[in-house]
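Visitor: So here's query_31.txt, just compact mmCIF, C-alpha atoms:
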```txt
# COMPACT_ATOMS: atom_id res chain seq x y z
CA MET K 1 17.12 102.65 81.93
CA LYS K 2 18.34 101.63 85.34
CA ARG K 3 20.92 99.20 83.97
CA PHE K 4 22.75 102.09 82.27
CA LEU K 5 22.97 104.06 85.48
CA LEU K 6 25.89 102.18 87.04
CA PRO K 7 28.23 102.32 83.99
CA LEU K 8 27.32 105.98 83.54
CA VAL K 9 28.20 106.79 87.15
CA LEU K 10 31.46 104.81 86.84
CA PHE K 11 32.36 106.65 83.64
CA LEU K 12 31.63 110.05 85.13
CA GLY K 13 33.72 109.22 88.19
CA LEU K 14 36.64 108.17 85.99
CA ALA K 15 36.24 111.26 83.81
CA VAL K 16 36.40 113.52 86.88
CA PHE K 17 39.58 111.81 88.11
CA LEU K 18 41.23 112.12 84.71
CA ALA K 19 40.16 115.75 84.31
CA VAL K 20 41.65 116.65 87.69
CA GLY K 21 44.80 114.73 86.75
CA LEU K 22 45.19 116.83 83.61
CA THR K 23 45.24 120.06 85.58
CA ARG K 24 48.07 118.98 87.85
CA ASP K 25 51.73 119.47 87.12
CA PRO K 26 53.62 116.18 87.52
CA ARG K 27 56.82 118.11 88.15
CA GLU K 28 55.45 119.57 91.34
CA LEU K 29 56.28 117.21 94.15
CA PRO K 30 55.59 117.60 97.84
CA SER K 31 58.92 118.46 99.41
CA PRO K 32 59.82 116.52 102.54
CA LEU K 33 61.95 119.51 103.57
CA ILE K 34 59.04 121.80 104.47
CA GLY K 35 58.89 122.21 108.23
CA ARG K 36 62.47 121.01 108.63
CA ALA K 37 65.63 122.96 109.32
CA ALA K 38 67.30 124.37 106.22
CA PRO K 39 70.39 122.19 105.64
CA ALA K 40 73.56 123.95 106.74
CA PHE K 41 76.24 124.78 104.21
CA GLU K 42 79.16 127.09 103.79
CA LEU K 43 79.95 128.21 100.27
CA PRO K 44 82.02 130.90 98.62
CA ARG K 45 80.16 134.01 97.57
CA LEU K 46 79.97 135.13 94.01
CA GLY K 47 82.17 138.21 93.84
CA ALA K 48 80.57 140.98 91.84
CA ASP K 49 83.69 142.09 90.05
CA GLY K 50 85.49 138.78 89.84
CA ALA K 51 87.04 138.97 93.29
CA ALA K 52 87.75 135.44 94.43
CA ASP K 53 87.65 136.24 98.16
CA ALA K 54 84.19 137.71 98.46
CA GLY K 55 83.82 135.79 101.71
CA ARG K 56 81.66 132.81 102.50
CA PHE K 57 77.98 132.39 103.17
CA GLY K 58 75.91 129.94 105.18
CA PRO K 59 72.22 129.89 106.20
CA ALA K 60 73.35 130.50 109.80
CA ASP K 61 74.24 134.07 108.73
CA MET K 62 70.53 134.75 108.25
CA ARG K 63 69.38 133.72 111.74
CA GLY K 64 66.62 135.95 113.03
CA LYS K 65 65.46 136.98 109.56
CA VAL K 66 62.75 135.70 107.26
CA TRP K 67 64.44 135.28 103.89
CA LEU K 68 64.24 133.72 100.46
CA LEU K 69 66.80 131.35 99.00
CA ASN K 70 66.51 131.26 95.22
CA VAL K 71 68.32 128.55 93.25
CA TRP K 72 69.39 129.88 89.86
CA ALA K 73 71.88 129.27 87.08
CA SER K 74 72.95 131.05 83.94
CA TRP K 75 72.03 127.95 81.88
CA CYS K 76 68.50 127.88 83.29
CA VAL K 77 65.91 129.02 80.80
CA SER K 78 62.96 129.39 83.18
CA CYS K 79 65.09 131.61 85.40
CA ARG K 80 64.67 134.34 82.78
CA GLN K 81 60.93 133.99 83.15
CA GLU K 82 60.97 134.58 86.90
CA HIS K 83 63.67 137.24 86.86
CA PRO K 84 61.30 140.25 86.77
CA VAL K 85 59.60 138.92 89.92
CA LEU K 86 62.98 138.66 91.66
CA LEU K 87 63.90 142.18 90.59
CA ASP K 88 60.56 143.30 92.00
CA ILE K 89 61.37 141.66 95.36
CA ALA K 90 64.73 143.45 95.32
CA ARG K 91 63.01 146.77 94.56
CA ARG K 92 60.68 146.39 97.54
CA GLY K 93 63.77 145.80 99.64
CA ASP K 94 62.05 144.35 102.69
CA LEU K 95 62.55 140.64 101.99
CA PRO K 96 66.18 139.47 101.88
CA LEU K 97 66.85 137.47 98.73
CA ILE K 98 69.88 135.19 98.60
CA GLY K 99 70.88 133.37 95.43
CA LEU K 100 72.33 129.89 95.16
CA ASP K 101 74.20 129.71 91.87
CA TYR K 102 73.74 126.05 91.02
CA LYS K 103 76.19 124.10 88.86
CA ASP K 104 77.41 127.13 87.01
CA THR K 105 80.72 128.63 86.00
CA LEU K 106 81.75 131.93 87.54
CA PRO K 107 82.22 133.88 84.27
CA ASP K 108 78.81 132.73 82.99
CA ALA K 109 77.12 133.58 86.28
CA ARG K 110 78.64 137.06 86.41
CA ALA K 111 77.77 137.74 82.79
CA TRP K 112 74.20 136.62 83.41
CA LEU K 113 73.77 138.95 86.38
CA ALA K 114 75.37 141.81 84.48
CA GLU K 115 72.98 141.29 81.57
CA HIS K 116 69.72 140.76 83.44
CA GLY K 117 70.33 142.72 86.64
CA ASN K 118 71.29 141.35 90.04
CA PRO K 119 68.33 141.04 92.43
CA TYR K 120 70.32 139.17 95.10
CA GLN K 121 71.88 140.51 98.26
CA LEU K 122 74.53 137.95 97.49
CA SER K 123 74.85 134.63 95.70
CA ALA K 124 76.53 131.55 97.09
CA VAL K 125 78.30 129.38 94.53
CA ASP K 126 77.36 125.70 94.47
CA ALA K 127 79.60 124.64 91.62
CA ASP K 128 79.29 120.85 91.96
CA GLY K 129 75.65 120.78 93.05
CA ARG K 130 76.19 119.15 96.45
CA VAL K 131 74.24 121.74 98.41
CA GLY K 132 71.55 121.44 95.76
CA ILE K 133 71.21 117.74 96.60
CA ASP K 134 70.88 118.58 100.30
CA TYR K 135 68.04 120.94 99.43
CA GLY K 136 66.38 118.39 97.16
CA VAL K 137 66.83 120.56 94.08
CA TYR K 138 65.78 118.84 90.87
CA GLY K 139 64.34 121.57 88.69
CA VAL K 140 65.97 124.98 88.69
CA PRO K 141 64.63 127.54 89.51
CA GLU K 142 63.50 126.65 93.01
CA THR K 143 62.81 129.05 95.84
CA TYR K 144 62.74 128.40 99.58
CA LEU K 145 61.17 130.60 102.21
CA ILE K 146 63.10 130.24 105.46
CA ASP K 147 61.93 131.61 108.80
CA LYS K 148 63.78 133.27 111.69
CA ALA K 149 64.69 129.96 113.30
CA GLY K 150 66.09 128.60 110.03
CA THR K 151 63.14 126.33 109.20
CA ILE K 152 61.98 125.93 105.60
CA ARG K 153 58.37 127.09 105.41
CA TYR K 154 57.59 127.05 101.73
CA LYS K 155 59.15 125.78 98.55
CA GLN K 156 58.37 126.95 95.05
CA ILE K 157 59.43 124.57 92.30
CA GLY K 158 59.75 126.27 88.95
CA PRO K 159 59.56 129.97 88.23
CA LEU K 160 58.14 132.38 90.79
CA THR K 161 55.18 134.33 89.51
CA ALA K 162 53.66 137.58 90.70
CA GLU K 163 50.57 135.59 91.80
CA VAL K 164 52.61 133.22 93.96
CA LEU K 165 54.53 136.13 95.43
CA GLU K 166 51.45 138.21 96.27
CA GLY K 167 49.11 135.35 97.10
CA THR K 168 51.32 132.93 98.99
CA ILE K 169 54.78 134.15 99.85
CA LEU K 170 54.17 137.70 101.10
CA PRO K 171 51.22 136.73 103.36
CA LEU K 172 53.32 133.89 104.77
CA VAL K 173 56.24 136.29 105.36
CA LYS K 174 53.93 138.63 107.24
CA GLU K 175 52.76 135.79 109.43
CA LEU K 176 56.28 134.49 110.08
CA ARG K 177 57.48 137.93 111.11
CA LYS K 178 54.99 138.17 113.93
CA MET L 1 94.09 83.05 40.30
CA THR L 2 97.33 83.05 42.30
CA ARG L 3 96.93 86.79 42.63
CA TRP L 4 93.55 86.37 44.31
CA LEU L 5 94.94 83.71 46.60
CA ARG L 6 97.72 86.05 47.63
CA ILE L 7 95.21 88.84 48.43
CA LEU L 8 93.14 86.39 50.45
CA ALA L 9 96.22 85.30 52.39
CA ILE L 10 97.11 88.91 53.20
CA ALA L 11 93.53 89.62 54.29
CA LEU L 12 93.55 86.58 56.58
CA GLY L 13 96.88 87.67 58.00
CA VAL L 14 95.53 91.12 58.81
CA LEU L 15 92.44 89.63 60.46
CA ALA L 16 94.59 87.28 62.52
CA ALA L 17 96.67 90.22 63.69
CA LEU L 18 93.49 92.06 64.72
CA ALA L 19 92.27 88.99 66.59
CA VAL L 20 95.48 88.85 68.58
CA GLN L 21 95.02 92.53 69.46
CA ALA L 22 91.42 92.05 70.62
CA ARG L 23 90.80 91.76 74.34
CA GLU L 24 87.79 91.79 76.59
CA ALA L 25 86.56 95.33 77.23
CA ALA L 26 88.09 96.76 80.38
CA PRO L 27 85.47 97.68 82.99
CA LEU L 28 84.75 101.40 83.12
CA ALA L 29 84.52 101.49 86.89
CA ASP L 30 87.57 101.24 89.10
CA ASP L 31 85.69 99.17 91.65
CA GLN L 32 83.22 96.67 90.27
CA ALA L 33 81.73 95.81 93.68
CA VAL L 34 80.83 99.45 94.38
CA GLU L 35 79.35 99.78 90.89
CA ASP L 36 77.22 96.65 91.31
CA ARG L 37 75.79 97.94 94.57
CA LEU L 38 75.23 101.36 93.00
CA VAL L 39 73.20 99.82 90.17
CA GLY L 40 71.29 97.68 92.67
CA ILE L 41 70.24 100.76 94.63
CA ALA L 42 69.75 103.15 91.71
CA GLN L 43 67.59 100.72 89.73
CA ASP L 44 64.73 101.13 92.20
CA LEU L 45 65.03 104.91 92.32
CA ARG L 46 63.42 107.44 90.05
CA CYS L 47 65.36 110.12 88.25
CA LEU L 48 63.60 113.34 89.24
CA VAL L 49 64.38 115.20 86.05
CA CYS L 50 63.11 112.58 83.59
CA GLN L 51 60.56 110.97 85.79
CA ASN L 52 60.08 107.74 83.87
CA GLU L 53 63.72 106.80 83.93
CA SER L 54 65.49 105.08 86.78
CA LEU L 55 68.40 106.73 88.48
CA ALA L 56 70.59 103.92 87.19
CA GLY L 57 69.68 104.50 83.56
CA SER L 58 69.34 108.25 83.30
CA ARG L 59 71.93 110.51 81.73
CA ALA L 60 70.52 113.67 83.29
CA ALA L 61 73.08 115.78 85.12
CA LEU L 62 71.21 115.44 88.41
CA ALA L 63 71.16 111.64 88.06
CA GLU L 64 74.91 111.66 87.52
CA ASP L 65 75.38 113.80 90.63
CA LEU L 66 73.17 111.51 92.67
CA ARG L 67 75.03 108.43 91.45
CA ARG L 68 78.28 110.11 92.49
CA GLU L 69 76.74 110.81 95.89
CA ILE L 70 75.58 107.18 96.26
CA ARG L 71 79.00 105.89 95.14
CA GLU L 72 80.72 108.00 97.79
CA GLN L 73 78.35 106.83 100.47
CA ILE L 74 78.94 103.19 99.50
CA ARG L 75 82.68 103.78 99.78
CA ALA L 76 82.09 105.40 103.17
CA GLY L 77 80.53 102.13 104.31
CA LYS L 78 76.86 103.16 104.48
CA THR L 79 74.23 100.43 104.21
CA ASP L 80 71.71 100.39 101.36
CA GLN L 81 68.97 101.37 103.79
CA GLU L 82 70.94 104.38 105.04
CA ILE L 83 71.53 105.57 101.49
CA LEU L 84 67.85 105.12 100.64
CA ASP L 85 66.85 107.10 103.75
CA TYR L 86 69.30 109.84 102.76
CA LEU L 87 67.64 110.26 99.37
CA VAL L 88 64.07 109.95 100.66
CA SER L 89 64.74 112.64 103.30
CA ARG L 90 65.66 115.03 100.48
CA TYR L 91 63.38 114.10 97.62
CA GLY L 92 60.51 112.35 99.39
CA ASP L 93 58.97 108.94 98.71
CA PHE L 94 58.59 110.02 95.11
CA VAL L 95 62.16 108.90 94.36
CA ARG L 96 61.24 105.32 95.19
CA TYR L 97 59.73 103.13 92.51
CA LYS L 98 58.54 100.87 95.34
CA PRO L 99 56.72 103.23 97.69
CA PRO L 100 56.43 102.13 101.33
CA LEU L 101 53.16 100.76 102.66
CA LYS L 102 51.55 103.48 104.77
CA PRO L 103 48.08 105.03 105.07
CA THR L 104 48.53 107.35 102.05
CA THR L 105 49.63 104.45 99.85
CA TRP L 106 47.09 101.86 100.99
CA LEU L 107 44.91 102.57 97.97
CA LEU L 108 47.91 102.21 95.68
CA TRP L 109 49.02 98.86 97.10
CA LEU L 110 45.63 97.32 97.95
CA GLY L 111 43.45 98.97 95.28
CA PRO L 112 44.07 96.37 92.57
CA PHE L 113 43.24 93.53 94.97
CA ALA L 114 40.10 95.36 96.11
CA LEU L 115 39.03 95.74 92.46
CA LEU L 116 39.72 92.05 91.81
CA ALA L 117 37.67 91.06 94.87
CA ALA L 118 34.81 93.33 93.81
CA GLY L 119 34.85 91.84 90.32
CA LEU L 120 34.82 88.27 91.64
CA ALA L 121 31.97 89.09 94.03
CA THR L 122 29.92 90.61 91.19
CA LEU L 123 30.57 87.56 89.03
CA VAL L 124 29.52 85.14 91.78
CA VAL L 125 26.33 87.10 92.52
CA GLN L 126 25.42 87.24 88.82
CA LEU L 127 26.03 83.53 88.27
CA ARG L 128 24.00 82.58 91.32
CA ARG L 129 21.10 84.78 90.23
CA ARG L 130 21.14 83.32 86.74
CA GLY L 131 21.23 79.76 88.10
CA ARG L 132 18.30 80.34 90.41
CA ALA L 133 15.92 81.84 87.83
CA ALA L 134 14.30 78.93 85.97
CA PRO L 135 13.73 79.52 82.25
CA ALA L 136 10.15 80.52 81.44
CA PRO L 137 8.02 77.69 79.96
CA LEU L 138 7.44 77.87 76.21
CA SER L 139 4.19 79.20 74.90
CA ASP L 140 2.22 77.11 72.37
CA ASP L 141 3.40 79.36 69.60
CA GLU L 142 7.08 78.93 70.52
CA ARG L 143 6.64 75.19 70.92
CA SER L 144 5.28 74.79 67.39
CA ARG L 145 8.15 76.92 66.05
CA ALA L 146 10.66 74.79 67.88
CA VAL L 147 9.10 71.63 66.48
CA ALA L 148 9.24 73.05 62.97
CA LEU L 149 12.93 73.97 63.42
CA LEU L 150 13.83 70.57 64.83
CA GLY L 151 12.56 68.83 61.73
CA GLY L 152 8.90 68.30 62.63
CA ASP L 153 9.27 64.76 64.12
CA ARG L 154 6.69 65.39 66.78
```
Translate this structure into structure tokens?

Guide:
Amino acid sequence: MKRFLLPLVLFLGLAVFLAVGLTRDPRELPSPLIGRAAPAFELPRLGADGAADAGRFGPADMRGKVWLLNVWASWCVSCRQEHPVLLDIARRGDLPLIGLDYKDTLPDARAWLAEHGNPYQLSAVDADGRVGIDYGVYGVPETYLIDKAGTIRYKQIGPLTAEVLEGTILPLVKELRK
Amino acid sequence: MTRWLRILAIALGVLAALAVQAREAAPLADDQAVEDRLVGIAQDLRCLVCQNESLAGSRAALAEDLRREIREQIRAGKTDQEILDYLVSRYGDFVRYKPPLKPTTWLLWLGPFALLAAGLATLVVQLRRRGRAAPAPLSDDERSRAVALLGGDR
């Protein structure tokens, strides 16, 4: 009986490792950007009515505020999934939400916002994806929580859910506001 | 017969004309040296969208953007190490197919050797134990069976 014990223990150990591996999402990577300053950029804003000179936006404009930067695109399918959560954030109105329209065309982006509702205070247009590279974007949608000093505190890869918002982001916002 | 020969001659003529037209394919890149370095760097990097493809081989839009970024940095005179650091600072060690040796990757790098050593140690212990234990002497019953099997000479 004893000679079967070792293989059994080895098998169980392996099974546990594999079972844990199955529950993890390989697309979720630890971001090296957490705890670092949000990369600076200056991009044109997406004009609501097609105005080309809607001004420019950079993260420096948000100094002193805790805010969310949400990377979205009209071609992004999962963005539809998270959109109700973003609209909910906009409805609460106490957490500034800035969009980064990633590798999109202006007409498509405007049409998308018109169709689904615009939760953003404003959207910056990253047409060629360069700012996206600086932020380590690889799977739209991605959302960054940035504190008063401009440091990235949290990054959500993939769609935001109500659970993540209530369970992780809002408590963290409360703490960062102190 | 002469008709067939004529057709053959025309066919050969057309082929010869095509052969004169043919040239070696022109390189797609304007600067071959930059492209060679790009492939050298991108080969060891992972495309983050399709994670089992290298950055050099992927056709994902992000991979194309990152190749453009690397190409520009090569033209700007950055070293390979600087470009690698640039990408790792944004995407983490995950972009590297050859992760650096540090405490969190010790198991990854040294694990296979540890397993090999453990296997060898087990083998040596087992062989020694087997060598030391002398075979049990045969009982009378077994001896007579062995004699019968060996042809009954004794």

Visitor: Pick out the closest residue to Cys47 of chain L from this set: K:Gly129, K:Lys178, K:Gly158, K:Gly139. Count all atoms listed in the file.

Guide: K:Gly139

Visitor: Which residues come within 8 Å of segment 94-110 of chain L, counting only C-alpha atoms, excluding same-chain residues fewer than 4 positions away, as a ChimeraX atom specification?

Guide: /K:29 /L:44-48,87-88,114

Visitor: Only C-alpha atoms, please: the residues just picked out, written as an mmCIF file, keeping the file's coordinate frame.

Guide:
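Output file again_8.cif is given in full below:
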```cif
data_model
loop_
_atom_site.group_PDB
_atom_site.id
_atom_site.type_symbol
_atom_site.label_atom_id
_atom_site.label_comp_id
_atom_site.auth_asym_id
_atom_site.auth_seq_id
_atom_site.Cartn_x
_atom_site.Cartn_y
_atom_site.Cartn_z
ATOM 1 C CA LEU K 29 56.280 117.210 94.150
ATOM 2 C CA ASP L 44 64.730 101.130 92.200
ATOM 3 C CA LEU L 45 65.030 104.910 92.320
ATOM 4 C CA ARG L 46 63.420 107.440 90.050
ATOM 5 C CA CYS L 47 65.360 110.120 88.250
ATOM 6 C CA LEU L 48 63.600 113.340 89.240
ATOM 7 C CA LEU L 87 67.640 110.260 99.370
ATOM 8 C CA VAL L 88 64.070 109.950 100.660
ATOM 9 C CA ALA L 114 40.100 95.360 96.110
#
```

Visitor: Counting only C-alpha atoms, what is within 12 Å of Glu166 of chain K, bar same-chain residues fewer than 5 positions away, as a ChimeraX atom specification?

Guide: /K:85,88-89,160-161,171-174

Visitor: What lies within 12 Å of Pro30 of chain K using all atoms listed in the file, ignoring chain neighbours under 3 positions off, as a ChimeraX atom specification?

Guide: /K:25-27,33-35,136,154-157 /L:88-95

Visitor: Could you write those residues out with C-alpha atoms, as a PDB file, in the coordinates of the input?

Guide:
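Now in out.pdb:
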```pdb
ATOM      1  CA  ASP K  25      51.730 119.470  87.120  1.00  0.00           C
ATOM      2  CA  PRO K  26      53.620 116.180  87.520  1.00  0.00           C
ATOM      3  CA  ARG K  27      56.820 118.110  88.150  1.00  0.00           C
ATOM      4  CA  LEU K  33      61.950 119.510 103.570  1.00  0.00           C
ATOM      5  CA  ILE K  34      59.040 121.800 104.470  1.00  0.00           C
ATOM      6  CA  GLY K  35      58.890 122.210 108.230  1.00  0.00           C
ATOM      7  CA  GLY K 136      66.380 118.390  97.160  1.00  0.00           C
ATOM      8  CA  TYR K 154      57.590 127.050 101.730  1.00  0.00           C
ATOM      9  CA  LYS K 155      59.150 125.780  98.550  1.00  0.00           C
ATOM     10  CA  GLN K 156      58.370 126.950  95.050  1.00  0.00           C
ATOM     11  CA  ILE K 157      59.430 124.570  92.300  1.00  0.00           C
TER      12      ILE K 157
ATOM     13  CA  VAL L  88      64.070 109.950 100.660  1.00  0.00           C
ATOM     14  CA  SER L  89      64.740 112.640 103.300  1.00  0.00           C
ATOM     15  CA  ARG L  90      65.660 115.030 100.480  1.00  0.00           C
ATOM     16  CA  TYR L  91      63.380 114.100  97.620  1.00  0.00           C
ATOM     17  CA  GLY L  92      60.510 112.350  99.390  1.00  0.00           C
ATOM     18  CA  ASP L  93      58.970 108.940  98.710  1.00  0.00           C
ATOM     19  CA  PHE L  94      58.590 110.020  95.110  1.00  0.00           C
ATOM     20  CA  VAL L  95      62.160 108.900  94.360  1.00  0.00           C
TER      21      VAL L  95
END
```

Visitor: Using Å and a single decimal, report how far atom CA of Leu68 of chain K sits from atom CA of Leu145 of chain K.

Guide: 4.7 Å
